[in-house]
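J.: Supplied structure: protein_14.txt, compact mmCIF, C-alpha atoms.
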```
# COMPACT_ATOMS: atom_id res chain seq x y z
CA MET A 203 -61.38 10.37 32.29
CA ALA A 204 -58.09 12.06 31.36
CA SER A 205 -57.12 11.94 27.71
CA VAL A 206 -53.96 9.95 26.96
CA SER A 207 -52.16 8.96 23.79
CA ILE A 208 -49.67 6.27 22.91
CA ASP A 209 -47.73 5.02 19.92
CA LEU A 210 -48.17 1.38 18.88
CA ASN A 211 -45.08 -0.21 17.34
CA ALA A 212 -44.21 -3.63 15.96
CA ASP A 213 -41.17 -5.32 14.46
CA LEU A 214 -41.66 -5.69 10.71
CA GLY A 215 -39.75 -6.79 7.64
CA GLU A 216 -38.41 -9.80 9.50
CA GLY A 217 -38.02 -12.08 6.52
CA PHE A 218 -35.18 -13.00 4.21
CA GLY A 219 -35.49 -13.97 0.56
CA ARG A 220 -38.43 -16.32 0.17
CA TRP A 221 -38.83 -16.74 3.93
CA GLN A 222 -41.33 -14.38 5.59
CA LEU A 223 -42.00 -14.20 9.30
CA THR A 224 -44.23 -11.17 9.83
CA ASP A 225 -47.49 -10.22 8.11
CA ASP A 226 -46.22 -6.77 7.27
CA GLU A 227 -49.16 -5.57 5.19
CA GLN A 228 -51.78 -6.42 7.80
CA LEU A 229 -49.76 -5.15 10.76
CA LEU A 230 -49.15 -1.85 8.97
CA SER A 231 -52.91 -1.32 9.02
CA VAL A 232 -52.82 -1.41 12.84
CA VAL A 233 -49.58 0.11 14.14
CA THR A 234 -48.47 3.73 14.08
CA SER A 235 -44.73 2.98 13.98
CA ALA A 236 -42.84 0.15 12.25
CA ASN A 237 -39.49 -1.12 13.50
CA VAL A 238 -38.02 -2.36 10.21
CA ALA A 239 -35.29 -4.99 10.20
CA CYS A 240 -32.19 -3.65 8.46
CA GLY A 241 -30.58 -6.87 7.21
CA PHE A 242 -28.46 -7.89 10.21
CA HIS A 243 -30.93 -10.04 12.17
CA ALA A 244 -33.51 -10.32 9.39
CA GLY A 245 -34.60 -8.45 6.30
CA ASP A 246 -33.01 -7.88 2.92
CA ALA A 247 -32.98 -5.11 0.34
CA ALA A 248 -36.20 -6.13 -1.39
CA THR A 249 -38.03 -6.58 1.92
CA MET A 250 -36.86 -3.22 3.26
CA ARG A 251 -37.98 -1.50 0.06
CA ARG A 252 -41.39 -3.17 0.13
CA VAL A 253 -42.09 -2.44 3.80
CA CYS A 254 -40.98 1.19 3.48
CA ALA A 255 -43.30 1.68 0.51
CA MET A 256 -46.27 0.18 2.37
CA ALA A 257 -45.51 2.18 5.52
CA ALA A 258 -45.34 5.41 3.54
CA GLU A 259 -48.70 4.67 1.90
CA ARG A 260 -50.29 4.24 5.33
CA ASP A 261 -48.48 7.17 6.99
CA VAL A 262 -46.80 4.79 9.44
CA ARG A 263 -43.50 6.03 10.85
CA ILE A 264 -40.42 4.01 9.89
CA GLY A 265 -37.84 3.09 12.51
CA ALA A 266 -34.47 1.44 11.93
CA GLN A 267 -34.34 -1.73 14.02
CA VAL A 268 -30.60 -2.21 14.34
CA SER A 269 -29.05 -5.44 15.54
CA TYR A 270 -25.92 -7.45 16.04
CA ARG A 271 -24.84 -9.15 12.80
CA ASP A 272 -26.59 -12.47 13.47
CA LEU A 273 -28.94 -13.72 10.75
CA ALA A 274 -28.65 -17.34 11.88
CA GLY A 275 -29.63 -16.49 15.45
CA PHE A 276 -32.23 -13.84 14.56
CA GLY A 277 -30.19 -11.31 16.53
CA ARG A 278 -31.10 -12.97 19.80
CA ARG A 279 -27.69 -14.44 20.66
CA ALA A 280 -25.27 -12.61 22.96
CA MET A 281 -22.29 -11.23 21.07
CA ASP A 282 -19.22 -9.20 22.00
CA VAL A 283 -18.65 -6.57 19.32
CA PRO A 284 -15.96 -3.89 19.72
CA PRO A 285 -17.59 -0.47 20.24
CA ASP A 286 -16.09 1.13 17.12
CA GLU A 287 -17.28 -1.78 15.01
CA LEU A 288 -20.75 -1.73 16.55
CA ALA A 289 -21.10 2.02 15.97
CA ALA A 290 -20.18 1.58 12.31
CA GLU A 291 -22.62 -1.30 11.89
CA VAL A 292 -25.47 0.68 13.49
CA ALA A 293 -24.82 3.56 11.08
CA TYR A 294 -24.57 1.12 8.17
CA GLN A 295 -27.98 -0.39 8.93
CA MET A 296 -29.58 3.03 9.33
CA GLY A 297 -28.13 4.20 6.04
CA ALA A 298 -29.42 1.17 4.17
CA LEU A 299 -32.97 1.67 5.43
CA GLU A 300 -32.87 5.41 4.79
CA VAL A 301 -32.29 4.78 1.07
CA PHE A 302 -35.55 2.86 0.79
CA ALA A 303 -37.48 5.22 3.06
CA ARG A 304 -36.50 8.18 0.89
CA ALA A 305 -37.37 6.25 -2.27
CA ALA A 306 -40.86 5.82 -0.78
CA GLY A 307 -41.17 9.55 -0.17
CA THR A 308 -40.51 9.50 3.55
CA ARG A 309 -37.54 8.95 5.85
CA VAL A 310 -36.35 6.97 8.87
CA SER A 311 -37.91 8.63 11.92
CA TYR A 312 -36.24 6.83 14.86
CA VAL A 313 -33.88 4.03 15.90
CA LYS A 314 -34.54 0.97 18.07
CA PRO A 315 -32.13 -1.88 18.88
CA HIS A 316 -33.33 -5.46 18.44
CA GLY A 317 -33.05 -8.63 20.48
CA ALA A 318 -29.77 -9.30 22.24
CA LEU A 319 -28.53 -5.79 21.49
CA TYR A 320 -31.69 -4.26 23.00
CA ASN A 321 -31.21 -6.25 26.19
CA ARG A 322 -27.46 -5.64 26.33
CA VAL A 323 -27.76 -1.86 26.20
CA VAL A 324 -30.13 -1.84 29.15
CA HIS A 325 -27.09 -2.44 31.41
CA ASP A 326 -23.91 -2.22 29.30
CA GLU A 327 -22.69 1.37 29.18
CA ASP A 328 -20.00 0.75 26.53
CA GLN A 329 -22.36 -0.98 24.11
CA ALA A 330 -25.01 1.67 24.75
CA ARG A 331 -22.56 4.45 23.90
CA ALA A 332 -21.55 2.56 20.77
CA VAL A 333 -25.16 2.42 19.57
CA VAL A 334 -25.54 6.14 20.24
CA ASP A 335 -22.26 6.84 18.40
CA GLY A 336 -23.68 4.96 15.43
CA VAL A 337 -26.87 7.02 15.50
CA LEU A 338 -24.83 10.22 15.65
CA LEU A 339 -22.68 9.03 12.75
CA ALA A 340 -25.72 8.41 10.55
CA ASP A 341 -28.07 11.18 11.74
CA GLY A 342 -27.59 13.21 14.91
CA THR A 343 -31.25 14.17 15.23
CA LEU A 344 -33.18 10.90 15.38
CA PRO A 345 -35.03 9.77 18.51
CA VAL A 346 -33.86 6.57 20.19
CA LEU A 347 -36.55 4.14 21.37
CA GLY A 348 -35.74 1.96 24.37
CA LEU A 349 -36.48 0.67 27.84
CA PRO A 350 -37.07 3.25 30.60
CA GLY A 351 -34.01 3.61 32.82
CA SER A 352 -31.71 1.90 30.34
CA ARG A 353 -28.07 2.85 29.75
CA LEU A 354 -29.05 3.37 26.12
CA LEU A 355 -31.49 6.18 26.85
CA GLU A 356 -29.08 7.72 29.35
CA ALA A 357 -26.33 7.78 26.71
CA ALA A 358 -28.70 9.16 24.08
CA GLU A 359 -29.82 11.97 26.39
CA LYS A 360 -26.22 12.87 27.19
CA ALA A 361 -25.49 13.05 23.46
CA GLY A 362 -28.43 15.39 22.90
CA LEU A 363 -30.64 12.88 21.09
CA PRO A 364 -34.39 12.73 21.75
CA VAL A 365 -35.38 9.64 23.73
CA VAL A 366 -38.64 7.71 23.74
CA THR A 367 -39.56 5.15 26.38
CA GLU A 368 -41.44 2.00 25.46
CA ALA A 369 -43.32 -0.79 27.19
CA PHE A 370 -44.10 -4.33 26.05
CA ALA A 371 -47.62 -5.67 26.09
CA ASP A 372 -46.58 -9.27 25.46
CA ARG A 373 -43.33 -9.62 27.42
CA ALA A 374 -42.96 -10.49 31.11
CA TYR A 375 -41.22 -7.99 33.37
CA THR A 376 -38.85 -8.51 36.29
CA ALA A 377 -39.39 -6.66 39.56
CA GLN A 378 -36.63 -4.26 38.44
CA GLY A 379 -38.58 -3.20 35.34
CA THR A 380 -36.46 -5.12 32.84
CA LEU A 381 -37.64 -7.86 30.50
CA VAL A 382 -37.55 -11.49 31.59
CA PRO A 383 -34.95 -13.25 29.37
CA ARG A 384 -36.53 -15.28 26.59
CA ARG A 385 -34.73 -18.42 27.74
CA GLN A 386 -36.91 -18.42 30.88
CA ASP A 387 -40.38 -19.92 30.96
CA GLY A 388 -43.13 -17.32 30.77
CA ALA A 389 -40.94 -14.65 29.17
CA VAL A 390 -43.56 -14.12 26.45
CA VAL A 391 -47.17 -13.47 27.49
CA THR A 392 -49.28 -15.68 25.23
CA ASP A 393 -52.77 -15.24 26.73
CA PRO A 394 -54.56 -12.76 24.41
CA GLU A 395 -56.82 -11.50 27.19
CA ALA A 396 -53.81 -10.77 29.37
CA VAL A 397 -52.04 -8.93 26.56
CA VAL A 398 -55.07 -6.74 25.89
CA GLU A 399 -55.58 -5.97 29.58
CA ARG A 400 -51.89 -5.17 30.08
CA SER A 401 -51.91 -2.87 27.05
CA VAL A 402 -54.75 -0.73 28.37
CA ARG A 403 -53.31 -0.62 31.87
CA LEU A 404 -49.86 0.37 30.60
CA ALA A 405 -51.31 3.10 28.41
CA ARG A 406 -53.66 4.55 31.01
CA SER A 407 -51.77 4.08 34.30
CA GLY A 408 -48.20 3.17 33.38
CA ILE A 409 -48.35 0.12 35.65
CA VAL A 410 -47.60 -3.54 34.93
CA THR A 411 -47.47 -6.60 37.17
CA SER A 412 -44.06 -8.30 37.20
CA HIS A 413 -43.70 -12.06 36.75
CA THR A 414 -43.18 -12.33 40.51
CA GLY A 415 -46.26 -10.30 41.38
CA GLU A 416 -44.90 -6.82 42.11
CA GLU A 417 -46.65 -3.75 40.70
CA ILE A 418 -44.07 -1.67 38.85
CA ALA A 419 -44.20 1.68 37.09
CA VAL A 420 -43.38 1.61 33.36
CA ARG A 421 -44.05 5.07 31.96
CA ALA A 422 -43.91 4.74 28.20
CA ARG A 423 -44.72 6.79 25.12
CA SER A 424 -44.76 3.73 22.86
CA LEU A 425 -46.20 0.24 23.25
CA CYS A 426 -44.58 -2.71 21.45
CA LEU A 427 -46.37 -5.77 20.11
CA HIS A 428 -44.28 -8.51 18.56
CA GLY A 429 -45.16 -9.37 14.99
CA ASP A 430 -43.52 -12.81 15.03
CA THR A 431 -45.91 -14.46 17.49
CA PRO A 432 -48.80 -16.71 16.36
CA GLY A 433 -51.96 -14.71 15.73
CA ALA A 434 -50.07 -11.42 15.87
CA VAL A 435 -52.35 -9.54 13.49
CA GLY A 436 -55.57 -10.48 15.23
CA LEU A 437 -54.08 -9.68 18.62
CA ALA A 438 -52.78 -6.32 17.42
CA ARG A 439 -56.25 -5.42 16.14
CA ARG A 440 -57.80 -6.37 19.47
CA VAL A 441 -55.24 -4.30 21.37
CA ARG A 442 -55.83 -1.26 19.19
CA ALA A 443 -59.61 -1.57 19.42
CA GLN A 444 -59.53 -1.92 23.19
CA LEU A 445 -57.16 1.01 23.60
CA GLU A 446 -59.45 3.21 21.54
CA SER A 447 -62.47 1.99 23.49
CA ALA A 448 -60.68 3.02 26.67
CA GLY A 449 -60.21 6.54 25.32
CA VAL A 450 -56.56 6.17 24.35
CA ARG A 451 -55.49 8.00 21.20
CA LEU A 452 -53.16 6.04 18.92
CA GLU A 453 -50.57 8.37 17.42
CA ALA A 454 -46.93 8.16 16.40
CA PHE A 455 -44.34 9.81 18.64
CA ALA A 456 -42.11 10.90 15.74
```
For the file at hand, write its structure as structure tokens.
T.:
Amino acid sequence: MASVSIDLNADLGEGFGRWQLTDDEQLLSVVTSANVACGFHAGDAATMRRVCAMAAERDVRIGAQVSYRDLAGFGRRAMDVPPDELAAEVAYQMGALEVFARAAGTRVSYVKPHGALYNRVVHDEDQARAVVDGVLLADGTLPVLGLPGSRLLEAAEKAGLPVVTEAFADRAYTAQGTLVPRRQDGAVVTDPEAVVERSVRLARSGIVTSHTGEEIAVRARSLCLHGDTPGAVGLARRVRAQLESAGVRLEAFA
């Protein structure tokens, strides 16, 4: 059996003030990379500082999860932001997280868009370039994590940034290899057995079954599990254990 490795990432720090959504401490004992909310869709200064400190203690890589400015909608509402403004806001979010990463003795290792922005830059060339411009403004060396074949990764490659492809264990795919919109039924895979099986198959063969039954190739260096779903910690532990049992090494890409 050929040896393979994959990064396991999750969205963390998705709270605000007294409200907490993700079990950051427990998830940081499972994942190898943490996509930390930077205050635009969730997160605040105290949360960012706390998550960065815990990630550094566990040698988990810290990624800036940048978003549209949409706390009320959790960054999942479509927005039209001028490219110059979006680039500045991406750099702003990265800079804020970098302060707390450095205070914890580490640094931001990569960038990943969140929610509506993530889905928008799969197809929208202007918004994709704006995100890349923001990354270049803040740090012209960081890898960009995104969907294979997306305009975002194309723009990042053209700009000379490292790119990292990711797959989703708990999201349904279209026949074109994109994510089924959350507003559609079945967009999130909730059956734990299915999530575990999909995770191993994605890691070992790079294949996933679309929501309409087609087998599609999704070659990815990183596998995402959402931290805001019920039972996320237990599911993440099962996924990691099953990946390791299948001979898959869990290691950060950055």
J.: Choose the residue, out of A:Ala422, A:Val268, A:Val390, A:Ala443, that has the smallest atom-to-atom separation from A:Thr367; count only C-alpha atoms.
T.: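 Under the stated criterion, the closest residue is A:Ala422.
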J.: In Å, how far is it from atom CA of A:Pro432 to atom CA of A:Ser407?
T.: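 Separation between atom CA of A:Pro432 and atom CA of A:Ser407: 27.6 Å.
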J.: Contacts of A:Asp213 at 7 Å or less, counting all atoms listed in the file, minus same-chain residues fewer than 5 places along, as a VMD selection string?
T.: chain A and resid 236 to 238 428 to 429
J.: Can you spit out the residues from that selection as an mmCIF file, keeping the file's coordinate frame, using C-alpha atoms?
T.:
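Full text of result_23.cif as output:
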```cif
data_model
loop_
_atom_site.group_PDB
_atom_site.id
_atom_site.type_symbol
_atom_site.label_atom_id
_atom_site.label_comp_id
_atom_site.auth_asym_id
_atom_site.auth_seq_id
_atom_site.Cartn_x
_atom_site.Cartn_y
_atom_site.Cartn_z
ATOM 1 C CA ALA A 236 -42.840 0.150 12.250
ATOM 2 C CA ASN A 237 -39.490 -1.120 13.500
ATOM 3 C CA VAL A 238 -38.020 -2.360 10.210
ATOM 4 C CA HIS A 428 -44.280 -8.510 18.560
ATOM 5 C CA GLY A 429 -45.160 -9.370 14.990
#
```
J.: Considering only C-alpha atoms, can you say which of A:Thr308, A:Gln222, A:Ser424, A:Ser447 comes closest to A:Leu404?
T.: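 Smallest separation from A:Leu404 among the options: A:Ser424.
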J.: Of the candidates A:Pro345, A:Gly275, A:Pro285, A:Pro315, which shows the shortest atom-to-atom distance to A:Val366, using all atoms listed in the file?
T.: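 Between A:Pro345, A:Gly275, A:Pro285, A:Pro315, the residue approaching A:Val366 most closely is A:Pro345.
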J.: May I have the residues within 12 Å of stretch 293-304 of chain A as JSON, numbers by chain, using all atoms listed in the file and disregarding those fewer than 5 positions away in the same chain?
T.: {"A": [215, 236, 237, 238, 239, 240, 241, 242, 243, 244, 245, 246, 247, 248, 249, 250, 251, 252, 253, 254, 255, 256, 257, 258, 259, 261, 262, 263, 264, 265, 266, 267, 268, 269, 270, 271, 286, 287, 288, 309, 310, 311, 312, 313, 314, 315, 332, 333, 334, 335, 336, 337, 338, 339, 340, 341, 342, 344]}
